[in-house]
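See structure below.
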Amino acid sequence: MMERSQRTGDAVQEIMDAYSGMVYRLAYARTGNRADADDVYQEVFFKLFRTNPRLESEAHLKAWLIRTTIHTSVNLLRSAWRRHVRPLPDGYDAPDLSFSDDGRLSELRKALMRLPEKQRIVIHLYYYERLSTEEIAELLGEKGATVRSRMKRGRERLRSLLTETEVE
């Protein structure tokens, strides 16, 4: 996959086929909604096509996509546009855009979104993208102990949130 230039449509499509799920899940975990995740997803692959980075291996490509997704999400969430968004008026009946799955998975997804961002991202990268804590630490520019601490706190908070919803 890495022998050809990423600028060719076939190569970009090949990379998108291989990594689109990972990029989208990470974008959704960071932003918390489909519309923003769609924007981040599109921007990440556009950056890949536009910048044509020199990537030495599949691992380097994956790391580049993860870092770019994280940075693009942060930029979107910090944008001036988001500061001027107003909530919908009371009584507005918005369509249900939730994922269709069993109730327990939906509860887990909601609980994950309630975690602080730093805990949510390490849990996502560890469980969904199957990265080791050392790989996560390298990607985020953190120490391994910091990542493990965030994982521990995040798991404890998730357990608390899920237990809380079972009682209700």
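Please note that chains go A, B, ... in the order of the structure tokens, that every chain numbers its residues from 1, and that ligands are numbered from 1 in the order shown.
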| field | Who sits within 8 Å of Tyr24 (chain A), only C-alpha atoms, same chain under 6 positions skipped, as a list in words | value |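 That gives Ala37, Asp38, Val40 and Tyr41 of chain A.
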| field | Residues within 7 Å of region 70-77 of chain A, only C-alpha atoms, excluding chain neighbours under 5 positions, as a VMD selection string | value | chain A and resid 27 30 to 31 40 82
Can you tell me which residues surround Ile121 (chain A) at a distance of at most 9 Å, considering only C-alpha atoms, apart from same-chain residues fewer than 4 positions away, and format the answer as a short mmCIF file (atom, residue, chain, number, x, y, z; two decimals) with N, CA, C and O atoms, in the first residue's frame?
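Done, and the output landed in out.cif:
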data_model
loop_
_atom_site.label_atom_id
_atom_site.label_comp_id
_atom_site.auth_asym_id
_atom_site.auth_seq_id
_atom_site.Cartn_x
_atom_site.Cartn_y
_atom_site.Cartn_z
N LEU A 26 -12.55 7.38 15.94
CA LEU A 26 -11.77 8.31 16.75
C LEU A 26 -12.34 9.72 16.66
O LEU A 26 -12.47 10.41 17.67
N ALA A 29 -15.44 9.76 18.75
CA ALA A 29 -15.10 9.74 20.18
C ALA A 29 -14.63 11.11 20.65
O ALA A 29 -14.90 11.51 21.78
N ARG A 30 -13.95 11.83 19.79
CA ARG A 30 -13.45 13.15 20.16
C ARG A 30 -14.53 14.22 20.12
O ARG A 30 -14.55 15.11 20.97
N ILE A 70 -6.75 13.47 15.73
CA ILE A 70 -6.79 14.14 17.04
C ILE A 70 -6.63 15.65 16.87
O ILE A 70 -7.42 16.43 17.40
N PRO A 116 -14.17 12.75 30.85
CA PRO A 116 -13.32 13.86 30.41
C PRO A 116 -12.56 13.44 29.14
O PRO A 116 -12.22 12.26 28.98
N GLU A 117 -12.30 14.38 28.27
CA GLU A 117 -11.71 14.07 26.97
C GLU A 117 -10.41 13.28 27.07
O GLU A 117 -10.18 12.34 26.32
N LEU A 125 -8.45 4.72 22.20
CA LEU A 125 -7.28 4.21 21.49
C LEU A 125 -6.88 2.82 21.99
O LEU A 125 -6.46 1.97 21.20
N TYR A 126 -7.05 2.55 23.26
CA TYR A 126 -6.67 1.26 23.82
C TYR A 126 -7.65 0.16 23.42
O TYR A 126 -7.26 -0.89 22.91
#
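Counting from CA of Leu115 (chain A), the distance to CA of Gly32 (chain A) is 11.0 Å.
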| query | Counting only C-alpha atoms, what is within 9 Å of Gly154 (chain A), bar same-chain residues fewer than 6 positions away, as a PyMOL selection string? | reply | chain A and resi 112+115-116+118-120+122-123
| message | What parts of region 1-87 of chain A does DSSP call alpha helix (DSSP H)? I'd like the answer as a PyMOL selection string. | response | chain A and resi 9-31+34-51+58-78+80-83
| field | For Ser132 (chain A), the nearest of the candidates A:Met16, A:Val147, A:Arg153, A:Asp10, counting only C-alpha atoms | value | A:Val147
| Quick one: of A:Ser106, A:Ser57, A:Arg155, A:Ala111, who's nearest to Tyr127 (chain A), counting only C-alpha atoms? |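 Looking at the shortest contact to Tyr127 (chain A), the residue is A:Arg155.
Our summary of the geometry notes that CA of Glu43 (chain A) is positioned 8.5 Å from CA of Thr69 (chain A).
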| request: Compile the contact shell of Arg148 (chain A) as a list in words: residues with an atom at most 8 Å away, counting only C-alpha atoms, same-chain residues fewer than 4 positions apart removed. | output: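 With the cut-off at 8 Å, the set is Thr133, Gly144 and Lys152 of chain A.
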